[in-house]
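Single-structure report; data block below.
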Amino acid sequence: MNIPQSSFPRVIIIGGGFGGIALAKKLAKKDVQVVLLDKHNYHNFQPLLYQVSTGGLEPDSIAYPIRKVLQGYPNFYFRLAEVLEVDTSMRRLQTNIGEIQYDYLVVATGSRTNFFGNKNIAEKGMAMKTIPQSLNLRSLILENFEQALLTDDLHERDALMNFVIVGGGPTGVELAGALAEIKKGILPKDYPDLDTRRAQINLVQGGSRILPAMSAVASTKAERFLERLGVNVWKGIRVTDYDGKLVSTNTDTSFEACTLVWAAGVQAVCLDGLDSKDFLCRGNRLRVNEFHQVDGFEEIFAIGDVAQMESEPYPHGHPMMAQPAIQQGQNLGENLVRMIEGKDLKPFIYRDKGSMATVGRNKAVVDLPRFKFQGVFAWFVWMFVHLYFLIGFRNRVVVFINWVYNYIRFDREARLIIRPFKKQYQVNGKDKVTI
């Protein structure tokens, strides 16, 4: 990889997400050699992916070059690489661009969509975990409306305009709200010769309420917001199958929709060599101690979505969100320096700063440790927090200008089909392409 030898210990970080970037910043200007590996050369601000999918933002507004994030840091190296295997006995990584030795290894690979083994949904449904996936979803939504103009079959037209979003967490709720606003304010103008009032947005939640990780007040208020926007909220229903048009559930209820978005769960991205059942937990997460060390290893650490640190307040690990990952990265940065200097390590203590979700224009719910509020003020708080955590001054300015423009004009000008979306799946063992 053409990384020079150094007298400083080498810390390899796998993953440029919230945790990996926070750790790298914490190690800046310390007496360590930091090597960050990622298969993308950018950091992706995942909380705003749904706005890329619905044409509110362009992808470069929520992505930032990793090299620029850590520009000017001494002893820092970035390589565009995919890690294939971890050789724990030799302290070595095998990647698609070669192998590299480490003194300390930090796994911050994040998570991916979990379809819970349902191959039909995985093949024919849509995920929204990465920027390419969000762009695919944006193209599919727009293509379906273009196709709806061309068909004389009323059932097919309705299916092309219908949406099913599986999962009532923040991602599902925010996407449903954004689609409802598009249906109300944009589609009638873009498609005046199409009865877009027939478009249905269905949010399907297997549990008894949406936003289950937030307070009951926030859940109830968010549901009311969605219903006022025209979203059909289905609770206590589990989606079991999808053939590309018909969405089947565990009840008599079914939906005809050519767009199914799966936001019902995630699982950690594990690596070969670190996939032993001895330290893997539910959802492929790596079991770590209070110092982020993977069970059985002193020199291998895990942070963020891939790490499961069990404690009394969090028996199944911390929430798979940005804040725990950032705090873990910062704590581990301090601990790595302390470990190298022979000092005692500081146990990680998570400080819950609250959670929030937006349901559309002037509508959001916010749960803070001491306060809970909803409505317009919560919406402004949501915007401020997301702007604050975006990386890069330009990104903050561009996103803010877009939000102001969209608010004043009630428009989303990034609704572009840059590349037509085609999905390959199999029917009776043979490849078939659906558009």
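Each chain of the structure tokens is named A, B, ... in the order shown, its residues numbered from 1; ligands are numbered from 1 in display order.
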
Stretch 10-70 of chain A residues near stretch 124-139 of chain A within 9 Å, closest pair each, using only C-alpha atoms, as a Markdown table:
| residue | atom | partner | partner_atom | distance |
| --- | --- | --- | --- | --- |
| A:Asn44 | CA | A:Ile131 | CA | 7.4 |
| A:Gln46 | CA | A:Lys129 | CA | 7.1 |
| A:Leu49 | CA | A:Ser134 | CA | 6.3 |
| A:Tyr50 | CA | A:Ser134 | CA | 7.0 |
| A:Gln51 | CA | A:Ser134 | CA | 8.6 |
| A:Val52 | CA | A:Ser134 | CA | 6.1 |
| A:Ser53 | CA | A:Arg138 | CA | 4.5 |
| A:Thr54 | CA | A:Arg138 | CA | 5.9 |
| A:Gly55 | CA | A:Arg138 | CA | 6.8 |
| A:Pro59 | CA | A:Ile131 | CA | 6.6 |
| A:Ile62 | CA | A:Ile131 | CA | 8.9 |
| A:Ala63 | CA | A:Ile131 | CA | 8.5 |

For the residues in that selection, give me N, CA, C and O atoms as a short mmCIF file (atom, residue, chain, number, x, y, z; two decimals), in the first residue's frame.
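Listing of again_39.cif after writing:
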data_model
loop_
_atom_site.label_atom_id
_atom_site.label_comp_id
_atom_site.auth_asym_id
_atom_site.auth_seq_id
_atom_site.Cartn_x
_atom_site.Cartn_y
_atom_site.Cartn_z
N ASN A 44 -20.41 9.69 4.56
CA ASN A 44 -21.81 9.80 4.18
C ASN A 44 -22.64 10.17 5.40
O ASN A 44 -22.63 9.47 6.40
N GLN A 46 -25.68 9.86 6.84
CA GLN A 46 -26.83 8.99 6.63
C GLN A 46 -28.17 9.57 7.07
O GLN A 46 -29.20 9.27 6.43
N LEU A 49 -30.18 10.90 4.07
CA LEU A 49 -30.29 10.12 2.83
C LEU A 49 -31.70 10.18 2.25
O LEU A 49 -31.88 10.19 1.03
N TYR A 50 -32.70 10.23 3.12
CA TYR A 50 -34.07 10.24 2.62
C TYR A 50 -34.34 11.50 1.79
O TYR A 50 -35.21 11.48 0.88
N GLN A 51 -33.63 12.59 2.06
CA GLN A 51 -33.83 13.81 1.28
C GLN A 51 -33.19 13.69 -0.10
O GLN A 51 -33.64 14.33 -1.06
N VAL A 52 -32.14 12.90 -0.21
CA VAL A 52 -31.59 12.60 -1.53
C VAL A 52 -32.58 11.75 -2.32
O VAL A 52 -32.83 11.98 -3.51
N SER A 53 -33.18 10.77 -1.65
CA SER A 53 -34.14 9.87 -2.31
C SER A 53 -35.36 10.61 -2.83
O SER A 53 -35.96 10.20 -3.83
N THR A 54 -35.75 11.68 -2.14
CA THR A 54 -36.97 12.39 -2.51
C THR A 54 -36.70 13.70 -3.24
O THR A 54 -37.60 14.52 -3.40
N GLY A 55 -35.46 13.92 -3.67
CA GLY A 55 -35.15 15.07 -4.50
C GLY A 55 -34.95 16.37 -3.75
O GLY A 55 -34.87 17.43 -4.37
N PRO A 59 -26.66 14.47 -3.74
CA PRO A 59 -25.82 13.63 -2.87
C PRO A 59 -24.55 14.31 -2.39
O PRO A 59 -24.07 14.02 -1.29
N ILE A 62 -24.47 15.92 1.17
CA ILE A 62 -24.39 15.16 2.43
C ILE A 62 -23.18 14.23 2.44
O ILE A 62 -23.07 13.37 3.31
N ALA A 63 -22.29 14.39 1.47
CA ALA A 63 -21.06 13.60 1.44
C ALA A 63 -19.87 14.55 1.52
O ALA A 63 -19.95 15.69 1.08
#

For this session: Pick out the residues sitting within 10 Å of A:Ser6, and hand them over as a count of residues only; count only C-alpha atoms, and ignore anything fewer than 6 positions along from it in its own chain.
Result: 3

Distance query A:Ile326 at most 6 Å, only C-alpha atoms, self and fewer than 4 positions along chain excluded, as a CSV table (one decimal) with all heavy atoms, in the first residue's frame:
chain,number,residue,atom,x,y,z
A,18,PHE,N,-19.2,7.8,11.1
A,18,PHE,CA,-19.2,8.8,12.3
A,18,PHE,C,-18.1,8.4,13.3
A,18,PHE,O,-17.3,9.2,13.8
A,18,PHE,CB,-20.6,8.8,13.0
A,18,PHE,CG,-21.6,9.6,12.2
A,18,PHE,CD1,-22.6,8.9,11.5
A,18,PHE,CD2,-21.6,10.9,12.0
A,18,PHE,CE1,-23.6,9.5,10.8
A,18,PHE,CE2,-22.5,11.6,11.3
A,18,PHE,CZ,-23.5,10.9,10.7
A,19,GLY,N,-18.1,7.1,13.6
A,19,GLY,CA,-17.1,6.6,14.6
A,19,GLY,C,-15.7,6.7,14.2
A,19,GLY,O,-14.8,7.2,14.9
A,22,ALA,N,-14.5,10.3,13.9
A,22,ALA,CA,-14.3,10.9,15.3
A,22,ALA,C,-13.0,10.4,15.9
A,22,ALA,O,-12.3,11.2,16.5
A,22,ALA,CB,-15.5,10.6,16.2

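With only C-alpha atoms as the atoms that count, the residue of A:Thr249, A:Thr109, A:Asn96, A:Asn114 with the shortest distance to A:Arg282 is A:Asn114.
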
Neighbours of A:Ala322 within 12 Å (only C-alpha atoms; same-chain residues fewer than 5 positions away dropped), as a PDB file with C-alpha atoms, in the first residue's frame?
ATOM      1  CA  GLY A  17     -18.335   6.683   9.214  1.00  0.00           C
ATOM      2  CA  PHE A  18     -19.178   8.755  12.277  1.00  0.00           C
ATOM      3  CA  GLY A  19     -17.119   6.606  14.634  1.00  0.00           C
ATOM      4  CA  GLY A  20     -14.083   6.217  12.380  1.00  0.00           C
ATOM      5  CA  ILE A  21     -13.888   9.941  11.600  1.00  0.00           C
ATOM      6  CA  ALA A  22     -14.307  10.916  15.276  1.00  0.00           C
ATOM      7  CA  ASN A  44     -21.807   9.798   4.179  1.00  0.00           C
ATOM      8  CA  PHE A  45     -24.222  11.735   6.424  1.00  0.00           C
ATOM      9  CA  GLN A  46     -26.829   8.991   6.627  1.00  0.00           C
ATOM     10  CA  PRO A  47     -29.584  10.890   8.522  1.00  0.00           C
ATOM     11  CA  ALA A 108     -15.843   0.756  12.511  1.00  0.00           C
ATOM     12  CA  GLY A 110     -21.045   0.293  10.463  1.00  0.00           C
ATOM     13  CA  SER A 111     -24.200  -1.523   9.430  1.00  0.00           C
ATOM     14  CA  ILE A 303     -16.923   1.123  17.772  1.00  0.00           C
ATOM     15  CA  GLY A 304     -20.215   2.335  16.349  1.00  0.00           C
ATOM     16  CA  ASP A 305     -22.934   0.111  14.915  1.00  0.00           C
ATOM     17  CA  GLN A 327     -18.718   9.367  21.536  1.00  0.00           C
ATOM     18  CA  GLN A 328     -17.133   5.921  21.280  1.00  0.00           C
ATOM     19  CA  GLY A 329     -14.640   7.166  18.703  1.00  0.00           C
ATOM     20  CA  ASP A 352     -27.705  10.244  25.743  1.00  0.00           C
ATOM     21  CA  LYS A 353     -28.280  13.662  24.206  1.00  0.00           C
ATOM     22  CA  GLY A 354     -31.750  12.788  22.971  1.00  0.00           C
ATOM     23  CA  SER A 355     -33.394  11.707  19.749  1.00  0.00           C
ATOM     24  CA  HIS A 386     -28.443  18.270  11.522  1.00  0.00           C
ATOM     25  CA  PHE A 389     -23.265  17.721  12.587  1.00  0.00           C
ATOM     26  CA  LEU A 390     -22.813  17.972   8.817  1.00  0.00           C
TER      27      LEU A 390
END

Close residues, A:Pro347 itself excluded, 9 Å, only C-alpha atoms, min 6 positions apart in chain, as a PyMOL selection string:
chain A and resi 289-292+331+335

File dump, residues just selected, N, CA and C atoms, as a PDB file, in the first residue's frame:
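Written file, selection24.pdb:
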ATOM      1  N   ASN A 289     -15.780  -4.869  25.493  1.00  0.00           N
ATOM      2  CA  ASN A 289     -15.850  -4.473  26.890  1.00  0.00           C
ATOM      3  C   ASN A 289     -15.996  -2.958  27.006  1.00  0.00           C
ATOM      4  N   GLU A 290     -15.922  -2.444  28.214  1.00  0.00           N
ATOM      5  CA  GLU A 290     -16.144  -1.009  28.417  1.00  0.00           C
ATOM      6  C   GLU A 290     -15.021  -0.147  27.848  1.00  0.00           C
ATOM      7  N   PHE A 291     -13.941  -0.791  27.387  1.00  0.00           N
ATOM      8  CA  PHE A 291     -12.842  -0.059  26.760  1.00  0.00           C
ATOM      9  C   PHE A 291     -12.836  -0.246  25.240  1.00  0.00           C
ATOM     10  N   HIS A 292     -13.905  -0.833  24.698  1.00  0.00           N
ATOM     11  CA  HIS A 292     -14.106  -1.053  23.257  1.00  0.00           C
ATOM     12  C   HIS A 292     -13.284  -2.213  22.717  1.00  0.00           C
ATOM     13  N   ASN A 331     -13.800   8.551  22.817  1.00  0.00           N
ATOM     14  CA  ASN A 331     -13.286   7.857  24.003  1.00  0.00           C
ATOM     15  C   ASN A 331     -12.148   6.902  23.648  1.00  0.00           C
ATOM     16  N   ASN A 335      -8.199   6.579  24.838  1.00  0.00           N
ATOM     17  CA  ASN A 335      -7.702   5.332  25.421  1.00  0.00           C
ATOM     18  C   ASN A 335      -6.523   4.754  24.661  1.00  0.00           C
TER      19      ASN A 335
END
